[in-house]
Each structure stands twice: as C-alpha cells, then as structure tokens.
$ cat final-v9.txt   # compact mmCIF, C-alpha atoms
# COMPACT_ATOMS: atom_id res chain seq x y z
CA MET A 213 -30.81 22.68 147.41
CA GLU A 214 -28.49 20.28 145.62
CA GLU A 215 -26.13 21.86 143.11
CA PRO A 216 -26.90 20.81 139.52
CA ARG A 217 -24.32 18.57 137.86
CA LEU A 218 -24.16 20.73 134.77
CA ILE A 219 -25.14 24.31 134.13
CA PRO A 220 -26.88 25.26 130.85
CA ILE A 221 -24.43 26.77 128.39
CA LYS A 222 -24.58 30.56 128.02
CA LEU A 223 -23.43 32.03 124.74
CA ASP A 224 -21.97 35.15 126.32
CA ASN A 225 -18.48 35.09 124.83
CA TYR A 226 -16.69 34.40 121.58
CA LYS A 227 -15.61 30.84 122.33
CA PRO A 228 -16.91 28.06 120.05
CA LEU A 229 -19.81 26.10 121.49
CA ARG A 230 -17.77 22.88 121.58
CA GLU A 231 -15.17 24.65 123.73
CA LEU A 232 -17.81 25.91 126.17
CA VAL A 233 -19.23 22.39 126.47
CA PHE A 234 -15.75 20.94 126.95
CA GLU A 235 -14.95 23.41 129.73
CA SER A 236 -18.27 22.74 131.44
CA LEU A 237 -17.78 18.96 131.40
CA ARG A 238 -14.16 19.18 132.52
CA GLU A 239 -15.10 21.45 135.42
CA ALA A 240 -17.85 19.04 136.47
CA ILE A 241 -15.34 16.17 136.48
CA ILE A 242 -12.71 18.15 138.41
CA GLN A 243 -15.25 19.24 141.03
CA GLY A 244 -16.62 15.71 141.35
CA ARG A 245 -20.11 16.45 140.05
CA LEU A 246 -19.41 13.85 137.36
CA LYS A 247 -17.81 11.01 139.29
CA PRO A 248 -15.11 8.47 138.33
CA GLY A 249 -16.67 5.51 136.56
CA GLU A 250 -19.85 7.41 135.65
CA ARG A 251 -21.07 6.82 132.12
CA LEU A 252 -21.36 9.92 129.93
CA MET A 253 -24.58 9.71 127.93
CA GLU A 254 -24.52 12.20 125.05
CA ILE A 255 -28.28 12.72 124.95
CA GLN A 256 -28.58 13.27 128.70
CA LEU A 257 -25.62 15.66 128.84
CA ALA A 258 -26.90 17.59 125.85
CA GLU A 259 -30.29 18.03 127.50
CA GLU A 260 -28.75 19.20 130.78
CA MET A 261 -26.64 21.82 129.02
CA GLY A 262 -29.27 22.83 126.46
CA VAL A 263 -27.18 21.96 123.40
CA SER A 264 -27.20 19.39 120.62
CA ARG A 265 -25.28 16.11 120.78
CA THR A 266 -22.60 17.26 118.33
CA PRO A 267 -20.64 19.62 120.64
CA VAL A 268 -21.03 17.09 123.47
CA ARG A 269 -19.53 14.36 121.30
CA GLU A 270 -16.64 16.63 120.29
CA ALA A 271 -16.04 17.64 123.91
CA ILE A 272 -15.96 14.01 125.05
CA ARG A 273 -13.33 13.21 122.41
CA LYS A 274 -11.16 16.07 123.65
CA LEU A 275 -11.65 15.00 127.27
CA GLU A 276 -10.45 11.53 126.29
CA LEU A 277 -7.27 13.01 124.80
CA GLU A 278 -6.62 14.90 128.03
CA GLY A 279 -7.16 11.86 130.23
CA PHE A 280 -10.46 12.82 131.84
CA VAL A 281 -12.55 10.28 129.93
CA VAL A 282 -12.02 6.68 128.87
CA MET A 283 -13.78 5.02 125.93
CA VAL A 284 -14.89 1.43 126.53
CA PRO A 285 -15.52 -0.55 123.30
CA ARG A 286 -19.22 -1.23 122.67
CA LYS A 287 -20.14 0.47 125.95
CA GLY A 288 -19.36 4.17 125.56
CA ALA A 289 -17.60 6.97 127.41
CA TYR A 290 -16.90 6.97 131.14
CA VAL A 291 -15.34 9.45 133.53
CA ALA A 292 -11.78 8.24 134.07
CA GLY A 293 -10.83 7.00 137.49
CA ILE A 294 -7.39 7.70 138.91
CA SER A 295 -5.34 4.82 140.27
CA VAL A 296 -2.33 5.08 142.57
CA LYS A 297 -0.14 4.43 139.53
CA ASP A 298 -1.84 7.33 137.72
CA ILE A 299 -1.23 9.63 140.69
CA VAL A 300 2.43 8.65 140.93
CA ASP A 301 2.91 9.16 137.18
CA VAL A 302 1.21 12.56 137.17
CA PHE A 303 3.10 13.83 140.19
CA GLU A 304 6.40 12.58 138.79
CA VAL A 305 5.94 14.70 135.69
CA ARG A 306 4.39 17.59 137.58
CA ALA A 307 7.31 17.78 140.04
CA ALA A 308 9.73 18.22 137.16
CA LEU A 309 7.57 20.85 135.45
CA GLU A 310 6.88 22.77 138.68
CA ALA A 311 10.62 22.91 139.27
CA LEU A 312 11.13 24.22 135.75
CA ALA A 313 8.38 26.84 136.21
CA ALA A 314 9.79 28.03 139.55
CA GLY A 315 13.29 28.29 138.10
CA LEU A 316 12.08 30.29 135.11
CA ALA A 317 9.99 32.49 137.41
CA ALA A 318 13.09 33.24 139.49
CA GLU A 319 14.76 34.45 136.30
CA ARG A 320 11.85 36.29 134.71
CA ILE A 321 9.36 37.48 137.32
CA THR A 322 8.61 41.22 137.38
CA GLU A 323 8.36 43.31 140.53
CA GLU A 324 4.60 43.63 139.99
CA GLU A 325 4.23 39.86 139.69
CA LEU A 326 6.37 39.32 142.76
CA GLU A 327 4.10 41.65 144.70
CA GLU A 328 1.09 39.68 143.47
CA LEU A 329 2.74 36.42 144.54
CA GLU A 330 3.42 37.85 148.00
CA ARG A 331 -0.23 38.89 148.29
CA ALA A 332 -1.34 35.40 147.25
CA LEU A 333 0.87 33.96 149.99
CA VAL A 334 -0.72 36.24 152.59
CA LYS A 335 -4.19 35.31 151.33
CA THR A 336 -3.40 31.62 151.72
CA TYR A 337 -2.40 32.19 155.35
CA GLU A 338 -5.65 34.10 155.93
CA VAL A 339 -7.92 31.27 154.75
CA SER A 340 -5.93 28.33 156.15
CA GLY A 341 -7.75 26.39 158.82
CA HIS A 342 -11.08 28.05 158.10
CA ASP A 343 -12.39 27.03 154.70
CA LEU A 344 -10.93 24.05 152.85
CA GLU A 345 -12.58 25.03 149.57
CA ALA A 346 -11.15 28.55 149.80
CA LEU A 347 -7.76 27.10 150.69
CA VAL A 348 -7.76 24.92 147.56
CA GLU A 349 -8.70 27.98 145.50
CA THR A 350 -5.91 30.16 146.93
CA ASP A 351 -3.40 27.32 146.65
CA THR A 352 -4.29 26.90 142.99
CA ARG A 353 -3.97 30.66 142.45
CA PHE A 354 -0.52 30.70 144.05
CA HIS A 355 0.80 28.09 141.63
CA GLU A 356 -0.84 29.77 138.64
CA LEU A 357 1.04 32.99 139.40
CA ILE A 358 4.34 31.11 139.31
CA TYR A 359 3.38 29.51 135.98
CA LYS A 360 2.53 32.92 134.57
CA ALA A 361 5.85 34.37 135.70
CA SER A 362 7.72 31.59 133.86
CA ARG A 363 6.85 33.32 130.56
CA ASN A 364 6.47 29.94 128.85
CA GLU A 365 2.93 29.48 127.52
CA ARG A 366 3.41 25.87 126.43
CA LEU A 367 4.71 24.97 129.89
CA VAL A 368 1.66 26.65 131.43
CA GLN A 369 -0.70 24.64 129.21
CA ILE A 370 0.93 21.30 130.01
CA ILE A 371 1.31 21.83 133.74
CA THR A 372 -2.24 23.19 134.09
CA ASN A 373 -3.64 20.10 132.41
CA LEU A 374 -1.67 17.85 134.76
CA ALA A 375 -2.84 19.84 137.77
CA ASP A 376 -6.45 19.61 136.58
CA GLN A 377 -6.23 15.81 136.42
CA ILE A 378 -5.60 15.57 140.17
CA GLN A 379 -7.50 18.70 141.21
CA ARG A 380 -10.40 16.60 142.53
CA PHE A 381 -8.00 15.11 145.10
CA ARG A 382 -6.37 18.38 146.17
CA ALA A 383 -8.69 18.94 149.11
CA THR A 384 -8.01 15.37 150.25
CA SER A 385 -4.28 16.11 150.39
CA LEU A 386 -4.62 19.47 152.15
CA ALA A 387 -7.02 17.97 154.69
CA GLN A 388 -4.32 15.63 155.96
CA PRO A 389 -3.27 16.56 159.53
CA GLY A 390 -0.39 19.03 159.41
CA ARG A 391 -0.26 19.23 155.61
CA THR A 392 -1.70 22.75 155.36
CA LYS A 393 0.86 24.14 157.81
CA HIS A 394 3.74 22.47 155.98
CA ALA A 395 2.42 23.52 152.55
CA LEU A 396 2.23 27.16 153.65
CA GLU A 397 5.80 27.07 154.90
CA GLU A 398 6.89 25.49 151.62
CA HIS A 399 5.10 28.24 149.69
CA LYS A 400 6.88 30.87 151.76
CA GLN A 401 10.29 29.34 151.06
CA ILE A 402 9.54 29.16 147.33
CA VAL A 403 8.55 32.83 147.25
CA GLU A 404 11.74 33.79 149.08
CA ALA A 405 13.88 31.84 146.61
CA ILE A 406 12.11 33.41 143.63
CA SER A 407 12.39 36.92 145.11
CA GLU A 408 16.13 36.35 145.62
CA ARG A 409 16.42 35.18 141.99
CA ASN A 410 17.88 31.91 143.24
CA VAL A 411 17.02 29.64 140.33
CA GLU A 412 18.51 26.42 141.69
CA LEU A 413 16.94 26.76 145.14
CA ALA A 414 13.54 27.65 143.65
CA GLN A 415 13.69 24.49 141.55
CA ILE A 416 14.65 22.29 144.50
CA LEU A 417 11.94 23.73 146.76
CA ALA A 418 9.23 23.50 144.11
CA ARG A 419 10.07 19.86 143.41
CA GLU A 420 10.07 18.99 147.12
CA HIS A 421 6.74 20.78 147.57
CA ILE A 422 5.07 18.63 144.91
CA GLU A 423 6.68 15.44 146.19
CA ASN A 424 5.38 16.22 149.69
CA ALA A 425 1.89 16.87 148.30
CA GLU A 426 2.04 13.54 146.48
CA GLN A 427 2.99 11.65 149.64
CA SER A 428 0.23 13.40 151.58
CA LEU A 429 -2.32 12.37 148.98
CA LEU A 430 -1.12 8.78 148.89
CA ASN A 431 -1.30 8.63 152.66
CA ALA A 432 -4.82 10.03 152.56
CA LEU A 433 -5.83 7.37 150.06
CA GLY A 434 -4.37 4.67 152.30
CA GLU A 435 -1.54 3.86 149.93
CA ALA A 436 2.16 4.23 150.56
CA ARG A 437 4.60 4.55 147.70
CA GLU A 438 7.21 1.81 147.86

$ encode --input "final-v9.txt" --output "structure tokens"
Amino acid sequence: MEEPRLIPIKLDNYKPLRELVFESLREAIIQGRLKPGERLMEIQLAEEMGVSRTPVREAIRKLELEGFVVMVPRKGAYVAGISVKDIVDVFEVRAALEALAAGLAAERITEEELEELERALVKTYEVSGHDLEALVETDTRFHELIYKASRNERLVQIITNLADQIQRFRATSLAQPGRTKHALEEHKQIVEAISERNVELAQILAREHIENAEQSLLNALGEARE
C-alpha cells in the first residue's frame, strides 16, 4: 500500500497547530513525498491533514523563509527545487559550520556524550551495506550528536536547517560506489580527534568530510564542480 503524502495532524502535544503543520509539510518535502516543483494547494493540504487553511498558510510562509518553498507571483506556492548552485552554496556554508561544531565538541563534549558518539559510530558500521534508509538515519544521528556536544543552540538550529535542505539527496550521495566506506572512515577519524580533544584536527576532518559528501552528491547528479 502506497504511503500517504501527509498524515492527519494529531493534537497530542503542546505545540501550536501551525508548528505541527509546518513540521509535517517540511518532513514530507525532505522525504520526497512532496516533490520539487509540486504546487502546494492550501485547500488540498488542509483536507489531507484535517486542519483549516490558516495553519497551512502560516506553515507555507515559514517554509518559504527556510528555503523549502518558493512563491511564484499570481501562481502560488511550489516546493523548491535544488540546483547545483544551491547545493554548492549550502555545502559551502555547512562545511564551515560542521567544522565549527566539531571543534566546539572537541572542547566541550562530556564523557557520556563521547560514549554515545562511539555507540553511534558502531551502529553506523552495523547498518552499512544493508539498509540505505537506516544508514541515512544513523548518519544523521551521528552528526546530531556532534552538534549537541558543541553546546551552541543557535549553531545547532542553523546547521540543522541547512542539513534538512539537502536531506532528500543524502541517500543519493551515500549510494555512490565507495562513498559509504569512505564516510565511515571519516566518521571514525572525527570521533578520534574529538576524543583526543584535538580542536584543530576535528575542524579539518569535519570540513573535509562535508566537502567529500558534496563531491559525491555532485557526481551522483552528473555534475562536476569546476
């Protein structure tokens, strides 16, 4: 049975309705259930999620601010596509922020967090080569642990948003021949640098890791950066 594009909103937490709708739409875009170039019809989306048009309209505005939606004059809202230039721009910023996060983590990580990071590394090795979806999930978790250890909430917010914008292409990058093996080795080196409290090396390795992921993605998309 085909997975529904959107799941009806459940009011089972204290978040505002507009925030629940926003999260649902963003997740659908990231996972590819709402595809690049697809028009977002407020009435249709509201019906699918079981809400009124107002929170949908507010969510679409927020998605536009975060780069997931583009507004076309006299035509409406559309899921934003991602060009090669977009990918290069996002990765350029992300490489710098990942380096910053890794450096801060090397300074600030606790022993408990380091243990958790080591476990995440082992988990990534366990799922590699078996389940691409699980690999993407564990890869995402690995990076999130480093962000958390940076102890900089604003950095976490910015870098997570950037990561979300290219999340729909993450599997494409990891599926490239040899990329998973290299990514795992890069993860291992980053963990070692963080555990040794080597700030400079952690920064260098984190930046190189993101740059390698970018090149893998561009290769997968049939584009080579000049």

$ closest_residue --input "final-v9.txt" --among "A:Val411, A:Leu396, A:Val368, A:Leu246" --to "Val281 of chain A" --atoms "only C-alpha atoms"
A:Leu246

$ closest_residue --input "final-v9.txt" --among "A:Ile255, A:Glu328, A:Ala240, A:Glu270" --to "Pro228 of chain A" --atoms "only C-alpha atoms"
A:Glu270

$ closest_residue --input "final-v9.txt" --among "A:Ala425, A:Ala258, A:Leu333, A:Leu357" --to "Lys400 of chain A" --atoms "only C-alpha atoms"
A:Leu333

$ atom_distance --input "final-v9.txt" --atom1 "atom CA of Val291 of chain A" --atom2 "atom CA of Ile241 of chain A"
7.3 Å

$ atom_distance --input "final-v9.txt" --atom1 "atom CA of Glu325 of chain A" --atom2 "atom CA of Gln379 of chain A"
24.2 Å

$ closest_residue --input "final-v9.txt" --among "A:Arg380, A:Arg366, A:Arg353, A:His394" --to "Arg238 of chain A" --atoms "all atoms listed in the file"
A:Arg380

$ atom_distance --input "final-v9.txt" --atom1 "atom CA of Gly293 of chain A" --atom2 "atom CA of Gly249 of chain A"
6.1 Å

$ residues_near_point --input "final-v9.txt" --point "(-13.6, 7.4, 138.2)" --cutoff "12 Å" --atoms "only C-alpha atoms" --output "ChimeraX atom specification"
/A:241-242,244-252,279-282,289-295,298,377-378,380-381

$ closest_residue --input "final-v9.txt" --among "A:Ile358, A:Val233, A:Val334, A:Val305" --to "Glu423 of chain A" --atoms "only C-alpha atoms"
A:Val305

$ closest_residue --input "final-v9.txt" --among "A:Leu374, A:Leu386, A:Gly288, A:Leu218" --to "Glu349 of chain A" --atoms "all atoms listed in the file"
A:Leu386

$ residues_around --input "final-v9.txt" --residues "Glu327 of chain A" --least-positions-apart "2" --cutoff "12 Å" --atoms "all atoms listed in the file" --output "PyMOL selection string"
chain A and resi 321-325+329-334+354+357-358+361+403-404+406-407

$ residues_around --input "final-v9.txt" --residues "Gln401 of chain A" --least-positions-apart "4" --cutoff "12 Å" --atoms "only C-alpha atoms" --output "number ranges by chain"
A: 314, 330, 333, 394-397, 405-408, 410, 413-418, 420-421

$ residues_around --input "final-v9.txt" --residues "Thr350 of chain A" --least-positions-apart "3" --cutoff "10 Å" --atoms "only C-alpha atoms" --output "PyMOL selection string"
chain A and resi 332-340+344-347+353-356

$ decode --input "final-v9.txt" --residues "segment 287-436 of chain A" --atoms "C-alpha atoms" --output "compact mmCIF listing (two decimals), in the first residue's frame"
# COMPACT_ATOMS: atom_id res chain seq x y z
CA LYS A 287 0.54 31.28 -9.42
CA GLY A 288 1.06 30.28 -5.80
CA ALA A 289 3.44 28.22 -3.68
CA TYR A 290 5.66 25.45 -5.02
CA VAL A 291 8.09 23.01 -3.45
CA ALA A 292 11.54 24.47 -4.07
CA GLY A 293 13.86 22.60 -6.35
CA ILE A 294 17.58 22.46 -5.64
CA SER A 295 20.03 23.41 -8.37
CA VAL A 296 23.73 22.57 -8.48
CA LYS A 297 24.41 26.17 -7.44
CA ASP A 298 22.09 25.71 -4.44
CA ILE A 299 23.90 22.52 -3.44
CA VAL A 300 27.32 24.16 -3.72
CA ASP A 301 26.15 27.17 -1.68
CA VAL A 302 24.59 25.03 1.06
CA PHE A 303 27.59 22.74 1.36
CA GLU A 304 29.99 25.69 1.42
CA VAL A 305 28.23 27.11 4.46
CA ARG A 306 27.64 23.70 6.02
CA ALA A 307 31.32 22.74 5.77
CA ALA A 308 32.28 25.82 7.77
CA LEU A 309 29.59 25.22 10.39
CA GLU A 310 30.33 21.49 10.70
CA ALA A 311 33.97 22.38 11.31
CA LEU A 312 32.93 24.86 13.98
CA ALA A 313 30.63 22.28 15.62
CA ALA A 314 33.32 19.59 15.64
CA GLY A 315 35.87 21.99 17.11
CA LEU A 316 33.50 23.07 19.86
CA ALA A 317 32.58 19.44 20.54
CA ALA A 318 36.27 18.61 20.97
CA GLU A 319 36.41 21.30 23.63
CA ARG A 320 33.10 20.68 25.37
CA ILE A 321 31.96 17.08 24.93
CA THR A 322 31.29 15.10 28.12
CA GLU A 323 32.41 11.53 28.71
CA GLU A 324 28.77 10.38 28.49
CA GLU A 325 28.32 12.15 25.15
CA LEU A 326 31.58 10.70 23.86
CA GLU A 327 30.35 7.23 24.75
CA GLU A 328 27.10 7.94 22.90
CA LEU A 329 29.07 9.14 19.86
CA GLU A 330 31.15 5.96 19.90
CA ARG A 331 27.98 3.88 20.03
CA ALA A 332 26.54 5.83 17.09
CA LEU A 333 29.71 5.08 15.13
CA VAL A 334 29.38 1.35 15.85
CA LYS A 335 25.70 1.46 14.86
CA THR A 336 26.60 3.07 11.53
CA TYR A 337 29.05 0.25 10.80
CA GLU A 338 26.35 -2.31 11.66
CA VAL A 339 23.81 -0.98 9.16
CA SER A 340 26.22 -0.06 6.34
CA GLY A 341 25.72 -2.07 3.19
CA HIS A 342 22.39 -3.49 4.33
CA ASP A 343 19.76 -0.78 4.52
CA LEU A 344 20.29 2.59 2.86
CA GLU A 345 17.40 4.19 4.72
CA ALA A 346 18.78 3.01 8.06
CA LEU A 347 22.22 4.22 7.05
CA VAL A 348 20.90 7.72 6.34
CA GLU A 349 19.16 7.69 9.72
CA THR A 350 22.28 6.64 11.64
CA ASP A 351 24.44 9.07 9.68
CA THR A 352 22.07 11.89 10.59
CA ARG A 353 22.12 10.81 14.24
CA PHE A 354 25.92 10.80 14.30
CA HIS A 355 26.09 14.42 13.16
CA GLU A 356 23.32 15.49 15.54
CA LEU A 357 25.34 14.17 18.49
CA ILE A 358 28.29 16.34 17.46
CA TYR A 359 26.01 19.38 17.16
CA LYS A 360 24.62 18.70 20.63
CA ALA A 361 28.10 18.42 22.11
CA SER A 362 29.01 21.85 20.70
CA ARG A 363 26.81 23.44 23.39
CA ASN A 364 25.74 26.17 20.96
CA GLU A 365 21.98 26.10 20.41
CA ARG A 366 21.96 28.75 17.68
CA LEU A 367 24.61 26.83 15.75
CA VAL A 368 22.51 23.67 16.07
CA GLN A 369 19.44 25.46 14.69
CA ILE A 370 21.26 26.90 11.69
CA ILE A 371 23.19 23.78 10.76
CA THR A 372 20.13 21.53 11.17
CA ASN A 373 18.16 23.73 8.79
CA LEU A 374 20.94 23.56 6.21
CA ALA A 375 21.17 19.79 6.59
CA ASP A 376 17.40 19.48 6.16
CA GLN A 377 17.55 21.36 2.86
CA ILE A 378 19.71 18.66 1.27
CA GLN A 379 18.43 15.71 3.31
CA ARG A 380 16.38 14.45 0.35
CA PHE A 381 19.65 13.94 -1.55
CA ARG A 382 21.57 12.26 1.28
CA ALA A 383 20.74 8.73 0.17
CA THR A 384 21.85 9.63 -3.36
CA SER A 385 25.27 10.63 -2.04
CA LEU A 386 25.71 7.59 0.22
CA ALA A 387 24.64 5.27 -2.59
CA GLN A 388 27.63 6.30 -4.69
CA PRO A 389 30.10 3.39 -5.06
CA GLY A 390 32.64 3.50 -2.25
CA ARG A 391 31.13 6.56 -0.54
CA THR A 392 29.72 4.65 2.45
CA LYS A 393 33.08 3.04 3.22
CA HIS A 394 34.90 6.36 2.99
CA ALA A 395 32.24 8.18 5.04
CA LEU A 396 32.53 5.62 7.84
CA GLU A 397 36.29 6.01 7.94
CA GLU A 398 35.88 9.79 8.03
CA HIS A 399 33.42 9.46 10.92
CA LYS A 400 35.91 7.30 12.81
CA GLN A 401 38.70 9.85 12.35
CA ILE A 402 36.43 12.67 13.52
CA VAL A 403 35.48 10.74 16.67
CA GLU A 404 39.15 10.06 17.41
CA ALA A 405 40.04 13.74 17.04
CA ILE A 406 37.15 14.79 19.30
CA SER A 407 38.03 12.16 21.92
CA GLU A 408 41.62 13.42 21.91
CA ARG A 409 40.34 17.00 22.36
CA ASN A 410 42.21 17.97 19.21
CA VAL A 411 40.19 21.01 18.15
CA GLU A 412 42.13 21.89 15.01
CA LEU A 413 42.18 18.34 13.65
CA ALA A 414 38.47 17.85 14.39
CA GLN A 415 37.72 21.01 12.41
CA ILE A 416 39.85 19.94 9.45
CA LEU A 417 38.37 16.43 9.33
CA ALA A 418 34.78 17.65 9.66
CA ARG A 419 35.25 20.15 6.83
CA GLU A 420 36.84 17.51 4.58
CA HIS A 421 34.02 15.08 5.37
CA ILE A 422 31.38 17.55 4.18
CA GLU A 423 33.39 18.53 1.11
CA ASN A 424 33.71 14.84 0.18
CA ALA A 425 29.96 14.36 0.65
CA GLU A 426 29.33 17.35 -1.60
CA GLN A 427 31.54 15.98 -4.36
CA SER A 428 29.87 12.58 -4.08
CA LEU A 429 26.45 14.17 -4.47
CA LEU A 430 27.51 16.28 -7.43
CA ASN A 431 28.96 13.21 -9.08
CA ALA A 432 25.73 11.33 -8.46
CA LEU A 433 23.77 14.14 -10.06
CA GLY A 434 26.05 14.07 -13.09
CA GLU A 435 27.60 17.43 -12.34
CA ALA A 436 31.21 18.18 -11.55
